[in-house]
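Trainee: The structure follows.
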Amino acid sequence: MRVPLTGAYAAAEAMRQINPDVVAAYPITPQSPIMELFAKFVSDGKVDTELITVESEHSAMSACVGSAAAGARTMTASSSQGIALMFEILQIAAGLRLPILMEVATRALSSPLNIHCDHSDVMSVRDSGWIQIFCENAQEVYENTLLGLKLAEEIKLPAMIIQDGFITSHSVEGVNIFDDEIVKDFVGEYKPSYSLLDIDYPITVGAFALPDYYFEIKRKQEEGMRETKKKYLEVGDKLKKITNNSYPYFESYKLKDAKYVIVAAGSTAGTIKEVVDKIREKGEKVGLLKIKLFRPFPAKEIKETLEDKKIAVLDRSLSFGTFPPIYSEIKKLIPDVQSYVYGLGGRDVFSSDIKKVFDDLKNKEVSDEIRFLGLRE
């Protein structure tokens with residue numbers, strides 16, 4: 001069934017169909033509509049979820065850790081300063097191998113205060129041990145929520161489903177929604193490996209680890225993250241049987257014969273595709289590599305795809321004092337890559353901006369400088 005939904009509603013609708021055991025959240029713009037809609041589903045009796053409204057995002061993630069450790073299928077949502085406030089507990093959720101799913105509507109970090117979209121919030125926690133999946137539009141938000149939950153529970157790591165704040169979360173577009181029973185069958189019944197409530201098999205969660213064990217525990221956590229790459233494709237193949245869509249690590253848009261390529265993540269990919277199509281009408285070979293799975297990062301596969309091409313990487317965040325996040329990942333693989341930073345604090349990016357990037361690739365030498373797209377000089 002195809003219906004008009006915002007990205008926020010698409011996330012909430014997927015959550016309704018999943019019917020998690022526990023959702024703990026605290027409102028923050030632009031995530032708030034996700035939890036407002038889901039709270040209505042709870043009050044209307046459309047889900048059996050225990051909705052915990054807490055006093056802060058730190059408490060929200062703490063409640064999620066407690067419920068997930070007890071064996072409950074657990075979800076939440078947040079943005080910006082909320083994710084920053086969660087930082088301490090994000091590490092704990094990942095270290096305890098708890099498959100919590102968090103919907104994220106991206107928003108700039110303060111200061112100065114800004115409620116609009118950029119990727120500084122999710123990039124600030126990219127090394128926290130959470131799986132990170134970026135979405136271009138509401139359809140991807142809906143489908144990646146289903147994929148992300150299944151992936152998190154099979155690999156036993158928490159996951160973020162990332163959509164652009166306001167641009168995706170508050171924009172209405174057509175979304176194909178699948179029957180409740182089909183979704184229920186896909187996600188299945190959650191069967192945790194252990195539970196704090198299992199009195200026949202008592203366990204300790206969050207034990208103190210001295211130097212003689214801490215290192216090995218972290219090595220196992222890293223192995224789990226690396227195993228996620230393989231499991232991501234397996235879960236994607238299962239979901240494809242429902243959606244008829246593919247779930248690669250990244251989308252290769254007209255890349256096969258492309259000479260000039262932009263790498264980007266999030267809603268801006270839609271604008272880039274439009275520009276690619278228009279430029280190709282003139283016979284010029286340009287393309288897009290759209291990041292979908294960012295953590296774990298599919299380095300080998302991206303390197304093989306981008307070899308022998310002239311590349312620009314668009315980041316919607318800064319990493320102060322060094323290179324921007326996505327650019328840093330690509331530059332490790334292919335040294336001659338041009339960095340662009342765009343859209344901080346919700347600054348619009350236009351087709352003309354994207355065309356300028358392709359023009360620069362054709363006419364300028366690649367350098368190590370960061371170029372700022374759409375910046376007032």
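Residues in the structure tokens are numbered from 1 in each chain, the chains being A, B, ... in the order shown, and ligands are numbered from 1 in the order shown.
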Show me a table, sorted first by chain and then by increasing residue number, of the residues of region 202-280 of chain A having an atom at most 12 Å from region 164-177 of chain A, each with its shortest atom pair and the distance in Å to one decimal, counting only C-alpha atoms and written as a tab-separated table.
Mentor:
residue	atom	partner	partner_atom	distance
A:Ile242	CA	A:Ile177	CA	10.7
A:Thr243	CA	A:Asn176	CA	8.7
A:Asn244	CA	A:Asn176	CA	11.3
A:Asn245	CA	A:Asn176	CA	11.4
A:Ala265	CA	A:Asp164	CA	9.6
A:Gly266	CA	A:Asp164	CA	6.3
A:Ser267	CA	A:Asp164	CA	6.4
A:Thr268	CA	A:Asp164	CA	9.1
A:Ala269	CA	A:Asp164	CA	11.3
A:Gly270	CA	A:Thr168	CA	11.0
A:Thr271	CA	A:Ile167	CA	11.9
Trainee: Residues as selected, N, CA and C atoms, written as a PDB file, in the first residue's frame, can you do that?
Mentor:
ATOM      1  N   ILE A 242      10.415  -9.390   0.271  1.00  0.00           N
ATOM      2  CA  ILE A 242       9.190  -8.647   0.592  1.00  0.00           C
ATOM      3  C   ILE A 242       9.082  -7.383  -0.254  1.00  0.00           C
ATOM      4  N   THR A 243      10.183  -6.663  -0.366  1.00  0.00           N
ATOM      5  CA  THR A 243      10.152  -5.321  -0.950  1.00  0.00           C
ATOM      6  C   THR A 243      10.526  -5.270  -2.426  1.00  0.00           C
ATOM      7  N   ASN A 244      11.220  -6.308  -2.900  1.00  0.00           N
ATOM      8  CA  ASN A 244      11.787  -6.309  -4.264  1.00  0.00           C
ATOM      9  C   ASN A 244      12.855  -5.233  -4.444  1.00  0.00           C
ATOM     10  N   ASN A 245      13.373  -4.726  -3.349  1.00  0.00           N
ATOM     11  CA  ASN A 245      14.475  -3.763  -3.391  1.00  0.00           C
ATOM     12  C   ASN A 245      15.758  -4.423  -2.912  1.00  0.00           C
ATOM     13  N   ALA A 265      26.108  11.093   1.590  1.00  0.00           N
ATOM     14  CA  ALA A 265      25.149  10.317   2.378  1.00  0.00           C
ATOM     15  C   ALA A 265      23.936  11.180   2.689  1.00  0.00           C
ATOM     16  N   GLY A 266      22.780  10.528   2.824  1.00  0.00           N
ATOM     17  CA  GLY A 266      21.578  11.236   3.235  1.00  0.00           C
ATOM     18  C   GLY A 266      20.767  11.786   2.081  1.00  0.00           C
ATOM     19  N   SER A 267      19.904  12.744   2.398  1.00  0.00           N
ATOM     20  CA  SER A 267      18.928  13.249   1.435  1.00  0.00           C
ATOM     21  C   SER A 267      19.559  13.955   0.245  1.00  0.00           C
ATOM     22  N   THR A 268      20.757  14.495   0.415  1.00  0.00           N
ATOM     23  CA  THR A 268      21.419  15.204  -0.683  1.00  0.00           C
ATOM     24  C   THR A 268      21.652  14.298  -1.884  1.00  0.00           C
ATOM     25  N   ALA A 269      21.676  12.999  -1.662  1.00  0.00           N
ATOM     26  CA  ALA A 269      21.852  12.057  -2.772  1.00  0.00           C
ATOM     27  C   ALA A 269      20.769  12.249  -3.829  1.00  0.00           C
ATOM     28  N   GLY A 270      19.569  12.604  -3.403  1.00  0.00           N
ATOM     29  CA  GLY A 270      18.488  12.825  -4.361  1.00  0.00           C
ATOM     30  C   GLY A 270      18.782  13.987  -5.292  1.00  0.00           C
ATOM     31  N   THR A 271      19.319  15.070  -4.737  1.00  0.00           N
ATOM     32  CA  THR A 271      19.700  16.226  -5.553  1.00  0.00           C
ATOM     33  C   THR A 271      20.831  15.859  -6.506  1.00  0.00           C
TER      34      THR A 271
END
Trainee: Could you pull the residues within 9 Å of Ala299 (chain A), counting only C-alpha atoms, minus those fewer than 2 positions along the same chain, as a VMD selection string?
Mentor: chain A and resid 296 to 297 301 to 304 329 to 330 332 to 333
Trainee: Report as a ChimeraX atom specification all protein, DNA and RNA residues lying within 7 Å of region 115-127 of chain A, evaluated on only C-alpha atoms, omitting residues in the same chain fewer than 6 positions from it.
Mentor: /A:29,79-80,83,106-109,164-166,316-318,325,343-346
Trainee: Write out the residues from the selection above, keeping N, CA and C atoms, as a PDB file, in the first residue's frame.
Mentor:
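Below is the file that was written, selection.pdb:
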ATOM      1  N   THR A  29      13.641  18.212  19.048  1.00  0.00           N
ATOM      2  CA  THR A  29      13.491  18.549  17.633  1.00  0.00           C
ATOM      3  C   THR A  29      14.768  18.150  16.883  1.00  0.00           C
ATOM      4  N   SER A  79      18.070  13.057  18.614  1.00  0.00           N
ATOM      5  CA  SER A  79      18.750  13.977  17.703  1.00  0.00           C
ATOM      6  C   SER A  79      19.763  14.798  18.492  1.00  0.00           C
ATOM      7  N   SER A  80      20.776  15.277  17.820  1.00  0.00           N
ATOM      8  CA  SER A  80      21.629  16.373  18.258  1.00  0.00           C
ATOM      9  C   SER A  80      22.095  16.291  19.709  1.00  0.00           C
ATOM     10  N   ILE A  83      21.615  13.072  21.551  1.00  0.00           N
ATOM     11  CA  ILE A  83      22.622  12.041  21.309  1.00  0.00           C
ATOM     12  C   ILE A  83      23.899  12.366  22.074  1.00  0.00           C
ATOM     13  N   THR A 106      18.710  13.724  12.052  1.00  0.00           N
ATOM     14  CA  THR A 106      19.956  14.449  12.297  1.00  0.00           C
ATOM     15  C   THR A 106      19.729  15.943  12.496  1.00  0.00           C
ATOM     16  N   ARG A 107      20.583  16.512  13.329  1.00  0.00           N
ATOM     17  CA  ARG A 107      20.501  17.941  13.646  1.00  0.00           C
ATOM     18  C   ARG A 107      21.869  18.427  14.099  1.00  0.00           C
ATOM     19  N   ALA A 108      22.167  19.673  13.784  1.00  0.00           N
ATOM     20  CA  ALA A 108      23.446  20.270  14.151  1.00  0.00           C
ATOM     21  C   ALA A 108      23.631  20.300  15.663  1.00  0.00           C
ATOM     22  N   LEU A 109      24.877  20.139  16.083  1.00  0.00           N
ATOM     23  CA  LEU A 109      25.227  20.263  17.496  1.00  0.00           C
ATOM     24  C   LEU A 109      25.501  21.724  17.847  1.00  0.00           C
ATOM     25  N   ASP A 164      17.749  12.598   7.548  1.00  0.00           N
ATOM     26  CA  ASP A 164      18.067  14.018   7.691  1.00  0.00           C
ATOM     27  C   ASP A 164      16.919  14.757   8.369  1.00  0.00           C
ATOM     28  N   GLY A 165      17.268  15.484   9.437  1.00  0.00           N
ATOM     29  CA  GLY A 165      16.270  16.235  10.176  1.00  0.00           C
ATOM     30  C   GLY A 165      15.574  17.273   9.311  1.00  0.00           C
ATOM     31  N   PHE A 166      14.264  17.368   9.441  1.00  0.00           N
ATOM     32  CA  PHE A 166      13.393  18.271   8.678  1.00  0.00           C
ATOM     33  C   PHE A 166      13.352  17.901   7.197  1.00  0.00           C
ATOM     34  N   ARG A 316      28.479  16.493   5.464  1.00  0.00           N
ATOM     35  CA  ARG A 316      27.591  17.471   6.101  1.00  0.00           C
ATOM     36  C   ARG A 316      27.987  17.657   7.564  1.00  0.00           C
ATOM     37  N   SER A 317      29.276  17.544   7.830  1.00  0.00           N
ATOM     38  CA  SER A 317      29.800  17.763   9.180  1.00  0.00           C
ATOM     39  C   SER A 317      31.291  18.031   9.074  1.00  0.00           C
ATOM     40  N   LEU A 318      31.820  18.612  10.122  1.00  0.00           N
ATOM     41  CA  LEU A 318      33.255  18.856  10.231  1.00  0.00           C
ATOM     42  C   LEU A 318      33.852  17.945  11.289  1.00  0.00           C
ATOM     43  N   PRO A 325      34.549  13.510   8.271  1.00  0.00           N
ATOM     44  CA  PRO A 325      34.418  12.062   8.521  1.00  0.00           C
ATOM     45  C   PRO A 325      34.383  11.158   7.290  1.00  0.00           C
ATOM     46  N   GLY A 343      26.156  22.369   3.785  1.00  0.00           N
ATOM     47  CA  GLY A 343      24.892  22.212   4.493  1.00  0.00           C
ATOM     48  C   GLY A 343      24.931  22.242   5.999  1.00  0.00           C
ATOM     49  N   LEU A 344      25.980  22.813   6.607  1.00  0.00           N
ATOM     50  CA  LEU A 344      26.010  22.838   8.071  1.00  0.00           C
ATOM     51  C   LEU A 344      24.880  23.712   8.603  1.00  0.00           C
ATOM     52  N   GLY A 345      24.264  23.254   9.688  1.00  0.00           N
ATOM     53  CA  GLY A 345      23.182  24.019  10.305  1.00  0.00           C
ATOM     54  C   GLY A 345      21.953  24.151   9.441  1.00  0.00           C
ATOM     55  N   GLY A 346      21.802  23.228   8.473  1.00  0.00           N
ATOM     56  CA  GLY A 346      20.617  23.246   7.627  1.00  0.00           C
ATOM     57  C   GLY A 346      20.733  24.103   6.385  1.00  0.00           C
TER      58      GLY A 346
END
Trainee: Identify which of the residues A:Leu293, A:Ala258, A:Val3, A:Ala207 lies closest to Trp130 (chain A), counting only C-alpha atoms when measuring atom-to-atom distances.
Mentor: A:Leu293
Trainee: Can you pull out every residue from region 95-239 of chain A that DSSP, working from the backbone, puts in helix (DSSP H, G or I), and format the result as a ChimeraX atom specification?
Mentor: /A:95,120-123,138-155,180-187,211-239
Trainee: I need the strand (DSSP E) residues of region 47-282 of chain A per DSSP on the backbone, written as a VMD selection string.
Mentor: chain A and resid 50 to 53 74 to 78 101 to 106 131 to 134 159 to 164 172 to 176 250 to 253 260 to 265
Trainee: Take the residues from that selection and put them in a file with N, CA and C atoms, as a compact mmCIF listing (two decimals), in the first residue's frame.
Mentor:
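In the end it all went to result.txt:
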# COMPACT_ATOMS: atom_id res chain seq x y z
N GLU A 50 5.52 -0.95 26.18
CA GLU A 50 5.68 -0.16 27.40
C GLU A 50 6.45 1.10 27.02
N LEU A 51 5.77 2.24 26.98
CA LEU A 51 6.40 3.51 26.62
C LEU A 51 6.86 4.22 27.89
N ILE A 52 8.15 4.45 27.99
CA ILE A 52 8.72 5.08 29.18
C ILE A 52 9.13 6.51 28.82
N THR A 53 8.44 7.48 29.39
CA THR A 53 8.79 8.88 29.17
C THR A 53 9.67 9.34 30.32
N THR A 74 13.81 -3.50 22.22
CA THR A 74 13.86 -2.12 22.71
C THR A 74 14.22 -1.14 21.61
N MET A 75 13.52 0.00 21.59
CA MET A 75 13.77 1.04 20.60
C MET A 75 13.70 2.42 21.24
N THR A 76 14.28 3.40 20.55
CA THR A 76 14.22 4.79 21.00
C THR A 76 14.43 5.69 19.79
N ALA A 77 14.50 7.00 20.03
CA ALA A 77 14.77 7.97 18.97
C ALA A 77 15.40 9.20 19.59
N SER A 78 16.25 9.89 18.81
CA SER A 78 16.87 11.10 19.34
C SER A 78 17.51 11.92 18.22
N LEU A 101 17.52 -0.43 18.91
CA LEU A 101 17.40 0.31 17.66
C LEU A 101 17.02 1.76 17.96
N MET A 102 17.79 2.70 17.41
CA MET A 102 17.51 4.12 17.61
C MET A 102 17.26 4.81 16.27
N GLU A 103 16.09 5.44 16.16
CA GLU A 103 15.79 6.29 15.02
C GLU A 103 16.43 7.66 15.27
N VAL A 104 17.17 8.15 14.28
CA VAL A 104 17.83 9.45 14.43
C VAL A 104 17.37 10.38 13.32
N ALA A 105 16.88 11.56 13.71
CA ALA A 105 16.66 12.66 12.76
C ALA A 105 17.79 13.65 12.99
N THR A 106 18.71 13.72 12.05
CA THR A 106 19.96 14.45 12.30
C THR A 106 19.73 15.94 12.50
N ILE A 131 26.01 0.23 14.93
CA ILE A 131 25.79 0.14 13.49
C ILE A 131 25.13 1.45 13.05
N GLN A 132 25.54 2.00 11.91
CA GLN A 132 24.94 3.23 11.40
C GLN A 132 24.51 3.04 9.95
N ILE A 133 23.23 3.29 9.67
CA ILE A 133 22.67 3.15 8.33
C ILE A 133 22.02 4.47 7.94
N PHE A 134 22.50 5.07 6.85
CA PHE A 134 21.96 6.35 6.37
C PHE A 134 20.82 6.13 5.38
N ALA A 159 21.89 -0.33 16.80
CA ALA A 159 21.91 0.27 15.46
C ALA A 159 21.18 1.60 15.43
N MET A 160 21.70 2.52 14.62
CA MET A 160 21.04 3.81 14.35
C MET A 160 20.53 3.82 12.92
N ILE A 161 19.27 4.19 12.75
CA ILE A 161 18.70 4.41 11.43
C ILE A 161 18.62 5.93 11.25
N ILE A 162 19.38 6.45 10.31
CA ILE A 162 19.65 7.89 10.24
C ILE A 162 18.94 8.54 9.06
N GLN A 163 18.10 9.52 9.36
CA GLN A 163 17.45 10.33 8.33
C GLN A 163 17.78 11.79 8.59
N ASP A 164 17.75 12.60 7.55
CA ASP A 164 18.07 14.02 7.69
C ASP A 164 16.92 14.76 8.37
N VAL A 172 6.78 15.21 3.25
CA VAL A 172 5.84 14.16 2.89
C VAL A 172 6.17 13.62 1.50
N GLU A 173 6.21 12.31 1.37
CA GLU A 173 6.41 11.66 0.08
C GLU A 173 5.74 10.29 0.09
N GLY A 174 5.59 9.71 -1.06
CA GLY A 174 4.95 8.40 -1.15
C GLY A 174 5.83 7.30 -0.58
N VAL A 175 5.24 6.46 0.26
CA VAL A 175 5.97 5.35 0.88
C VAL A 175 5.15 4.08 0.73
N ASN A 176 5.80 3.03 0.28
CA ASN A 176 5.15 1.72 0.18
C ASN A 176 5.21 1.03 1.54
N PHE A 250 26.26 0.28 -0.35
CA PHE A 250 26.15 1.63 -0.90
C PHE A 250 25.43 1.54 -2.24
N GLU A 251 24.84 2.64 -2.65
CA GLU A 251 24.16 2.67 -3.94
C GLU A 251 25.11 3.23 -5.00
N SER A 252 25.29 2.48 -6.07
CA SER A 252 26.11 2.94 -7.19
C SER A 252 25.18 3.51 -8.26
N TYR A 253 25.11 4.83 -8.32
CA TYR A 253 24.20 5.47 -9.28
C TYR A 253 24.98 5.92 -10.51
N TYR A 260 33.80 11.03 -13.36
CA TYR A 260 33.75 11.94 -12.23
C TYR A 260 32.64 11.50 -11.27
N VAL A 261 32.98 11.37 -9.99
CA VAL A 261 32.06 10.77 -9.02
C VAL A 261 31.99 11.61 -7.75
N ILE A 262 30.77 11.77 -7.25
CA ILE A 262 30.55 12.37 -5.93
C ILE A 262 30.16 11.26 -4.95
N VAL A 263 30.74 11.31 -3.75
CA VAL A 263 30.37 10.41 -2.65
C VAL A 263 29.63 11.24 -1.61
N ALA A 264 28.45 10.77 -1.19
CA ALA A 264 27.65 11.52 -0.22
C ALA A 264 26.73 10.57 0.52
N ALA A 265 26.11 11.09 1.59
CA ALA A 265 25.15 10.32 2.38
C ALA A 265 23.94 11.18 2.69
Trainee: So what do you get for CA of Val313 (chain A) versus CA of Asp336 (chain A), distance-wise?
Mentor: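 Between CA of Val313 (chain A) and CA of Asp336 (chain A) the gap works out to 10.9 Å.
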Trainee: Would you compute the distance between CA of Arg295 (chain A) and CA of Leu373 (chain A)? Give it in Å to one decimal.
Mentor: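 Atom-to-atom, CA of Arg295 (chain A) and CA of Leu373 (chain A) are spaced 25.5 Å apart.
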Trainee: Can you work out the spacing between CA of Val286 (chain A) and CA of Glu140 (chain A) in Å, to one decimal?
Mentor: 23.8 Å
